[in-house]
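Engineer: Below: one structure in structure tokens.
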Amino acid sequence: MDKVLIIQLARTGDFLQTTPLFRKVKTAFPRCEVHVVIDTALQELVGSCSDIDRWYDLDMKLITQIIQDNTDIEYVFKYLDKQLAGLHSISFDAVYNLNYTPLSAAVASISKSSRIYGYKLGKDSIRLIRSPWFAFFNAMVQHLPLAPFNLVDVFYHLAPPYMPASKKLLYCASSQSANHAATLLAPLHNRAPKKIALQLATREPKRTWPVALFAETAFHILERHDNAIILTGTASESFYTEQFKRIASLWPQEKQARILDFTGKTTLPELASILSNCCVLVTGDTGTMHLGAAVGTKIVGIFLGPACAGFTGPYGEGHIVFQATPSCWPCLEQDKCPYNIMCASYIDPKAVAQAVCNMIDNRPVSTITEDNVLVLHGRGDEFGIMYEPLGETEYVLKNRLYRIMGASLLNRGTGKGYISQETNILPCRIEQYELLLQQINAMINTAHTFAPAVLQYRFYDDFSIWHPWIDFFNIMLRYCTPLPDGERDAVSAFCAGLTAAARMLRYYVLDNVQESCYVH
Amino acid sequence: MELLRKLDPKLAEFIMHVQIPNNYGVLISRTEDPVLTIDNKIMWSIYDPHKHARTFVERCLKINPPVNNTVTVVGFGFGYHIEELVNRGISVRVIEPDAAIFRLALEYRDLRNILDVCDLTVGTSMTIQAHFGNTLWYFYPKKDRTIPEPRLSAAQPKNDASGGWKQALSPNSLNILVVSPIYGGSLPIARYCNNALRRIGHLSTLWDASVFEKPFRMALELDIDRNNKKILCDLFQHLVSEMIVASCAERRPDIVLCLAQAPLSLHALDRLRESGITSAFWFVEDFRHMQYWKQYAPAYDFYFTIQKGEFFEQLKHLGTHNYAYLPVAAAPEIHKPLQLNPDERAYYGSDLSFLGAGYYNRQCMFRGLLDFDFKIWGTEWDRQSILWQRVQKNGERINSEESVKIFNATKININLHSSAYYEGIDPEGDFINPRTFEIAACGAFQLVDERREIDAFFLRNKEIVTFSSLEDLREKAQYYLYHPEERQKIARAARQRIINEHTYEHRMRELCAFIFDRKPEVYAQTQGKKLLIRDVNSFCKEHPETRSLLEEVVARGLHPDIDGIVTTIRLREGEMQYPEALFMILKEYQTLVKEHLW
């Protein structure tokens, strides 16, 4: 491959989550030029990413301004033409569009490439056509909390060839910003060498842990005299910091002296440098979290409301996430919370503080918490990072099953399990294994007889574990890139996944079911 | 003022009593001419108002040349531009929505040259819309006007030094969704309205609920308990309603215009209102026959009726705010004189005919016409009745195309308005049915029953002939059967009257004008949000790669705005081209801006 285009028009966090993909393309095809399309707000980040050869930016703010000020198409058309004309003149070997929006799909259609992966506009210019791998991802999103893959790995594995995941995000802070950060942190240098950063705000209230609980956590952390607290955030988030400081003003002077507030005072590279000087970052599901993970800071994530660690948890091994799991979890982003965001109060600040201290001391983090909270650990296999609680739960079984079924999509034809069974030893023995194998058998047989009939199992409650997979099959049939052999290909993808699942299950079942059912 | 008193004493009287707001002022230019200021903003050139008028008029003439040497100008201001137009021998119609400005102009300027040559309207008026067919220019300050903010012209500098005087180069086009009923007499009217709206420059789409006729009738004809059937029908209506709301969410029309019996539920209307969409209803039925309007009328933002008087009283009592009288009309593109072949003439023709449903009064009265060569067309006629032998096509429904043939082939079309109560002519009849206009538009002759409102539409005995009883009808039928020239003369005159005054285009203009009068922000909104290409030619010159696409947009009868362009792109075959992709991106950004996501 000579030239590849990657479209990532979302926010800071999403860009950072795409960095392993940039690196992968560069590693697999060292001479390949990587071009990206981003929002202008991310220019600073692109500058720090050595894997990108050329970028095209679209300024949402400017476009919004133009559209609001002028009703003449001329102005915006000219602007878009100026920004994207370059894209039009290059023929790309592959285009990866990572955003599920008609906007990015339209941008993808500017390239001359016939190989658009991820999401692309259908012939009617309305529908979005997905690659099978993204179709799988979409089906999973419909079935949260099932979240077998981290978004980073979803992006990473979209582009061939199949390579083991690097398991880390990439960000390189400049030496200038590192120096500036050192100056900013100098006052704490001798007094409290161990710095813990707190990112108080997230982009929406439902994901935001109350400031009072952050403050309580900070209070416990500051009990240890060599610990200091760093507050991070943008200028628009200073409301939270002010609240924090009001609470902290009642604390002993000595503790107050170990709090530094950098809210709204740093650029992105400076923030990265500051985070890299911190031992731990306590944060919700934010862009700062991904930045912290990218510079190697250990993360203690506080995931509430719609946030799901399985999908967007901090990428890397050794991070932990306190995931609130009330019965309504995970809720939908756009819905108003009828319970006054009660899930926020389920997470105990003392436990969070304890986890932070244990991480600083390199001690294992205790998994015993209140009801309705899971403490999830980021751990890796060759596919990437996953978040699991310690212990034997059905949640783990289901995620593992889907992980291996999803992986089967990426190596169809090779016959090899992309995730080896050894690294995926099931944490528990469930009596229903036998039944699950029988269900797999039934579905495979149906798929081969009359494919659409598989959808009937979507209505059977006892098949509920397979519903996401059946949904994926449905999406494959309806919205996927047309495959060379059409429906048969959807069927073989469906069956290959089930076969992979059966293999894994069979590993634990003494009485194997008939091999012939799965091999085709 | 004295001249005005002579020309238009009523207007002069009105102007005399207009108060001038405190924020209106007058400055003297370098050429010592008065110039209007509002909120200390200068509204016309302070250097040389006459020169400004010259350049302004030249620019407008170039971009938007007058049709038939006539232009309509909204905004009189101090009249410099009007003077310039008059001097150039162009006939001008001026509408000044703000009477205070006009009074100031009268006080400070000598307008004798202008007033007696131009056609002037002061105050907000439906006339603005009525003139939309002509070349329309706006000359109007931006702030707090009762008319919508005029569009920014591409020909004008971006920051107009004169403080916001802008011009509109094309008629205000609205995005309108016309919702038809599932079936019934108002179904074709919905289609006519949609076509008419398109022709007068709006982006109108028909939401054709008639596709649900079959399933709906199936539900109606189920052999089940009446109450259960009602529940079923309500559910059906609810579903169709939801589909309409979903279409609105996607299309975001400025106005949803529903024709009588359109299947839109009250809940759906609330949701439309919540999402800022204006709803209008045209009740083209007799309010005495139907009762459902009582529940629905207050739920619509605008309510149009074909009856006045008592109906208006009742609407007012129910708390309906914006209601107006809007009689039905004809669609001359459908209802037109036809050359029929001998077979058609024999099949559809007769001395006398009637087309319509078999209402009680018709069943009674037509028994007295059986000695004529008389054909009856339409549904709901009694098979047991003596009239049945005259009913054609086994009493099937007659579509618009066939009805035009019948009107054309018949020597005398009888038009008896329906009544379920009286045996002959309904003495309370206070509306004119569509058939009256349709027959007239076909250039066909008709005898219509005596209606209170008829004089408002036609000249009696010159354009239309009425009858007041069966005897009168028989007598006149006899007379006109033997006087074909008179028949033809009257029919021709009636057709001319229809074309001049009573087409659906006229009605839709009036409807839009009423909405504009009561809720100008509908126009303001659309102007603010619609992204469009002001000057297609210069755009194509600048971006030649867009030419074929834009030509196709125009050829499809769509506006060169972002919606029209995107619709065309979606209809095109083949791979998406570069300029098409740019337009798609633009559309997506516009959606994001609308949803305030960024």
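In the structure tokens, chains take the letters A, B, ... in the order shown, each chain's residues start at 1, and ligands count up from 1 in the order shown.
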Name all residues at most 9 Å from Glu573 in chain B (count only C-alpha atoms; drop same-chain ones fewer than 3 positions away) and give them as an MDAnalysis selection string.
Structural biologist: (chainID A and resid 123:124) or (chainID B and resid 569:570 576)
Engineer: Starting from chain A, keep only residues with some atom at most 8 Å from an atom of chain B, counting only C-alpha atoms, and report them as a list in words.
Structural biologist: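 Here is what falls inside 8 Å: Met60, Lys61, Ile63, Thr64, Ile67, Gln68, Asn70, Thr71, Asp72, Ile73, Glu74, Val76, Phe77, Leu80, Asp81, His88, Pro102, Leu103, Ser104, Ala106, Val107, Ser109, Ile110, Lys123, Asp124, Ser125 and Ile126 of chain A.
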Engineer: Would you kindly return, as a list in words, each protein, DNA or RNA residue with an atom no farther than 9 Å from any atom of Ser350 in chain B, considering only C-alpha atoms and excluding same-chain residues fewer than 5 positions away?
Structural biologist: Arg345, Asp373, Phe374, Lys375, Ile406, Ala409, Thr410, Lys411 and Ile412 of chain B
Engineer: Could you pull out all residues of range 241-479 of chain B with a DSSP call of strand (DSSP E) and give them as a ChimeraX atom specification?
Structural biologist: /B:255-259,278-283,302-305,322-325,350-355,374-377,410-415,446-449,465-467
Engineer: For CA of Glu485 in chain B and CA of Ile439 in chain B, quote the distance in Å rounded to one decimal.
Structural biologist: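 Straight-line distance from CA of Glu485 in chain B to CA of Ile439 in chain B works out to 17.3 Å.
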Engineer: Per DSSP on the backbone, filter range 347-560 of chain B down to the residues in helix (DSSP H, G or I) and report them as JSON, numbers by chain.
Structural biologist: {"B": [347, 348, 360, 361, 362, 363, 364, 365, 366, 367, 368, 369, 386, 387, 388, 389, 390, 393, 394, 395, 400, 401, 402, 403, 404, 405, 406, 407, 408, 409, 434, 435, 436, 437, 438, 439, 440, 441, 454, 455, 456, 470, 471, 472, 473, 474, 475, 476, 477, 478, 479, 480, 481, 484, 485, 486, 487, 488, 489, 490, 491, 492, 493, 494, 495, 496, 497, 498, 499, 500, 501, 504, 505, 506, 507, 508, 509, 510, 511, 512, 513, 514, 515, 516, 517, 518, 521, 522, 523, 524, 525, 526, 527, 528, 529, 536, 537, 538, 539, 540, 541, 542, 544, 545, 546, 547, 548, 549, 550, 551, 552, 553, 554, 555]}
Engineer: Neighbouring residues of Val211 in chain B were defined as those with any atom within 12 Å, considering only C-alpha atoms; residues of the same chain fewer than 2 positions away were excluded. Please report them as number ranges by chain.
Structural biologist: B: 180-183, 187, 206-209, 213-217, 240
Engineer: For Gln478 in chain B, list every protein, DNA or RNA residue within 12 Å, evaluated using only C-alpha atoms, and leave out those in the same chain fewer than 6 positions away; present the list as a ChimeraX atom specification.
Structural biologist: /B:351-352,369,371-373,411-412,447,471-472,484,487
Engineer: Which neighbours of range 372-389 of chain A fall inside 7 Å, counting only C-alpha atoms, when residues of the same chain fewer than 5 positions from it are skipped, and could you give them as an NGL selection string?
Structural biologist: :A and (148-150 or 153 or 164-165 or 167 or 309-310 or 315-326 or 346-347 or 367 or 396 or 419 or 423)
